[in-house]
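J.: What follows is a single structure, and I will ask about it in a moment.
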Amino acid sequence: MPELALDIRDLRVSIEDGENEKEILKGIDLAIPAGEIHVIMGPNGSGKSTLAQTLMGHPKYKVTSGEVRLLGEDLLALKVYERARKGLFLAYQYPVEVPGVTLAHFLWNAHQAKLQATQPEAKKDPKAVLAFRKRLNSALETLKMGPDFSTRHLNVGASGGEKKRIEIAQMEVLEPKVVLMDEIDSGLDIDSTKVVAQAIHAMKKPGFTALIITHYPRILEYLQPDRVHVMASGKVLCSRGMELARELEQKGYDWILKEYNAS
């Protein structure tokens, strides 16, 4: 049996709703082998973004029961920065702007923090900064973005599509082991979707695993994911191949909600 990059079992998550707690995830079971690209689809309010935010450790979401393992390690026992240093990365649906911090400076510090966590005995290389700059510029070029983006303040003044490409550039530079992408294709035109999809596909290798949340099958035609999962009402209803995404594009969600008695 292949190693599981993410192993989620009976995950239940709530948020505070006034004086009460509202359960959002109602027993998620999901197993993603290392090296595979999986997709989650589902109607609005299914809990897809909640799942991604919970896995990354957002304090708004309270895990009430269940287990999550990242490459065999207890993910829920780790702090947010520890999850990132272990190789978990979240590409946001709405990347925030960070005035005063350039993309290059942000990524260099993240790169160094990861290096210290994974190779604490490594000696400082005087050529490391130049190698890093070359790598960042190469990532930007792949995404059809000019090298000047590296010296701009992070996401400040960038269009929605540019912000999504910057998220992918961060992935290329930091090389996370497991990537969560929350609607990385929303707001992208046809050409940008193709560029982003090709960049993601180029990262696919034995050490790269992705869980992509999307509403649109267009990007999946470029990515050709290994598995498509459908979420509704806080649960994973079913998991099939790429043909499921195409069927959802043609029929919508009503038929599958009825088939699995999900409201």
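Within each chain, counting starts at residue 1; across the structure tokens, chains are named A, B, ... in the order shown, with ligands numbered 1 upward in that order.
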Once you count only C-alpha atoms, what closest atom pair and distance in Å to one decimal does each residue of segment 175-208 of chain A within 8 Å of segment 158-169 of chain A have, with rows by chain and rising residue number, as JSON lines?

T.:
```
{"residue": "A:Ile184", "atom": "CA", "partner": "A:Lys164", "partner_atom": "CA", "distance": 6.2}
{"residue": "A:Asp185", "atom": "CA", "partner": "A:Lys164", "partner_atom": "CA", "distance": 7.7}
{"residue": "A:Gly187", "atom": "CA", "partner": "A:Gly161", "partner_atom": "CA", "distance": 6.5}
{"residue": "A:Leu188", "atom": "CA", "partner": "A:Gly161", "partner_atom": "CA", "distance": 5.4}
{"residue": "A:Asp189", "atom": "CA", "partner": "A:Gly161", "partner_atom": "CA", "distance": 7.9}
{"residue": "A:Ser192", "atom": "CA", "partner": "A:Gly161", "partner_atom": "CA", "distance": 7.0}
{"residue": "A:Val196", "atom": "CA", "partner": "A:Arg165", "partner_atom": "CA", "distance": 6.5}
{"residue": "A:Ala199", "atom": "CA", "partner": "A:Ile168", "partner_atom": "CA", "distance": 7.5}
{"residue": "A:Ile200", "atom": "CA", "partner": "A:Ile168", "partner_atom": "CA", "distance": 7.4}
```

J.: Residues of the last selection are to be written out with C-alpha atoms, as a PDB file, in the first residue's frame.

T.:
```
ATOM      1  CA  ILE A 184      -6.720  28.571  -6.998  1.00  0.00           C
ATOM      2  CA  ASP A 185      -8.503  28.920 -10.358  1.00  0.00           C
ATOM      3  CA  GLY A 187     -11.128  34.616 -11.080  1.00  0.00           C
ATOM      4  CA  LEU A 188      -8.651  33.387 -13.692  1.00  0.00           C
ATOM      5  CA  ASP A 189      -9.234  33.827 -17.412  1.00  0.00           C
ATOM      6  CA  SER A 192      -4.141  32.270 -16.844  1.00  0.00           C
ATOM      7  CA  VAL A 196      -1.297  28.013 -13.548  1.00  0.00           C
ATOM      8  CA  ALA A 199       2.963  25.135 -13.515  1.00  0.00           C
ATOM      9  CA  ILE A 200       1.213  22.882 -10.995  1.00  0.00           C
TER      10      ILE A 200
END
```

J.: Please, which residues of segment 183-246 of chain A, numbered as in this document, come out strand (DSSP E or B) from DSSP, as a ChimeraX atom specification?

T.: /A:209-213,227-232,235-240

J.: Which one of A:Leu140, A:Lys205, A:Arg227, A:Pro43 sits closest to Ile256 of chain A if you count only C-alpha atoms?

T.: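 Answer, going by the shortest atom-to-atom distance: A:Pro43.
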
J.: Write out as a PDB file with C-alpha atoms, in the first residue's frame each polymer residue whose atoms come within 10 Å of His38 of chain A, counting only C-alpha atoms; drop sequence neighbours fewer than 6 positions from it.

T.:
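Just written: selection.pdb:
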```pdb
ATOM      1  CA  ALA A  31      -6.894   9.259   2.213  1.00  0.00           C
ATOM      2  CA  ILE A  32      -4.451  10.820  -0.265  1.00  0.00           C
ATOM      3  CA  LEU A 180      -3.782  22.591  -0.283  1.00  0.00           C
ATOM      4  CA  THR A 209       1.014  15.828  -3.274  1.00  0.00           C
ATOM      5  CA  ALA A 210      -1.888  18.216  -3.859  1.00  0.00           C
ATOM      6  CA  LEU A 211      -5.475  18.586  -2.675  1.00  0.00           C
ATOM      7  CA  ILE A 212      -7.266  21.100  -4.890  1.00  0.00           C
ATOM      8  CA  ILE A 213     -10.619  22.671  -4.071  1.00  0.00           C
ATOM      9  CA  LEU A 220      -8.767  19.667 -14.161  1.00  0.00           C
ATOM     10  CA  LEU A 223      -4.102  18.628 -14.423  1.00  0.00           C
ATOM     11  CA  GLN A 224      -5.746  15.220 -14.947  1.00  0.00           C
ATOM     12  CA  PRO A 225      -6.099  14.491 -11.207  1.00  0.00           C
ATOM     13  CA  ASP A 226      -5.813  10.987  -9.791  1.00  0.00           C
ATOM     14  CA  ARG A 227      -9.067  11.264  -7.835  1.00  0.00           C
ATOM     15  CA  VAL A 228     -12.125  13.518  -7.586  1.00  0.00           C
ATOM     16  CA  HIS A 229     -14.088  13.749  -4.322  1.00  0.00           C
ATOM     17  CA  SER A 239     -14.758   9.510  -4.759  1.00  0.00           C
ATOM     18  CA  GLY A 241     -12.041   9.430 -11.388  1.00  0.00           C
ATOM     19  CA  MET A 242     -11.927  12.443 -13.677  1.00  0.00           C
TER      20      MET A 242
END
```

J.: Which neighbours of Leu4 of chain A fall inside 10 Å, counting only C-alpha atoms, when residues of the same chain fewer than 5 positions from it are skipped, and could you give them as a list in words?

T.: Ala31, Ile32, Pro33, Ala34, Gly35, Glu36, Arg69, Leu70, Leu71, Gly72 and Thr209 of chain A

J.: Considering only C-alpha atoms, can you say which of A:Val179, A:Ala139, A:Ala197, A:Leu107 comes closest to Met56 of chain A?

T.: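 Counting only C-alpha atoms, the residue closest to Met56 of chain A is A:Val179.
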
J.: Can you measure atom CA of Leu78 of chain A to atom CA of Leu55 of chain A for me? One decimal in Å is fine.

T.: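 Interatomic distance here is 10.3 Å.
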
J.: Identify which of the residues A:Ser46, A:Glu21, A:Arg85, A:Thr214 lies closest to Lys62 of chain A, counting only C-alpha atoms when measuring atom-to-atom distances.

T.: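 The closest residue to Lys62 of chain A is A:Glu21.
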
J.: Counting only C-alpha atoms, which residue out of A:Lys60, A:Arg152, A:Lys204, A:Lys177 sits closest to Glu97 of chain A?

T.: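 Looking only at the distances to Glu97 of chain A, the closest residue turns out to be A:Arg152.
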
J.: Taking the backbone alone, and naming residues the way the document does, which bits of segment 150-203 of chain A are helix (DSSP H, G or I) by DSSP, as number ranges by chain?

T.: A: 150-151, 160-174, 190-203

J.: Can you list, as a list in words, every protein, DNA or RNA residue that comes within 10 Å of Val96 of chain A when you count only C-alpha atoms, leaving out same-chain residues fewer than 2 positions away?

T.: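 Once the nearby chain positions are removed, what remains is Tyr92, Gln93, Tyr94, Val98, Pro99, Leu154, Asn155, Val156 and Lys163 of chain A.
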
J.: Would you mind exporting the chosen residues as a tab-separated table (two decimals), in the first residue's frame, restricted to C-alpha atoms?

T.:
```
chain	number	residue	atom	x	y	z
A	92	TYR	CA	-5.40	30.92	-0.46
A	93	GLN	CA	-8.55	31.69	-2.37
A	94	TYR	CA	-8.04	35.37	-1.53
A	98	VAL	CA	1.40	42.64	2.86
A	99	PRO	CA	2.64	46.23	2.48
A	154	LEU	CA	3.70	41.03	-1.48
A	155	ASN	CA	0.45	41.05	-3.50
A	156	VAL	CA	0.11	44.85	-3.18
A	163	LYS	CA	-2.04	37.04	-6.83
```

J.: Which of these, A:Arg12, A:Lys114, A:Arg246, A:Lys194, has the shortest distance to Ser233 of chain A once you count only C-alpha atoms?

T.: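 Using only C-alpha atoms, Ser233 of chain A sits closest to A:Arg12.
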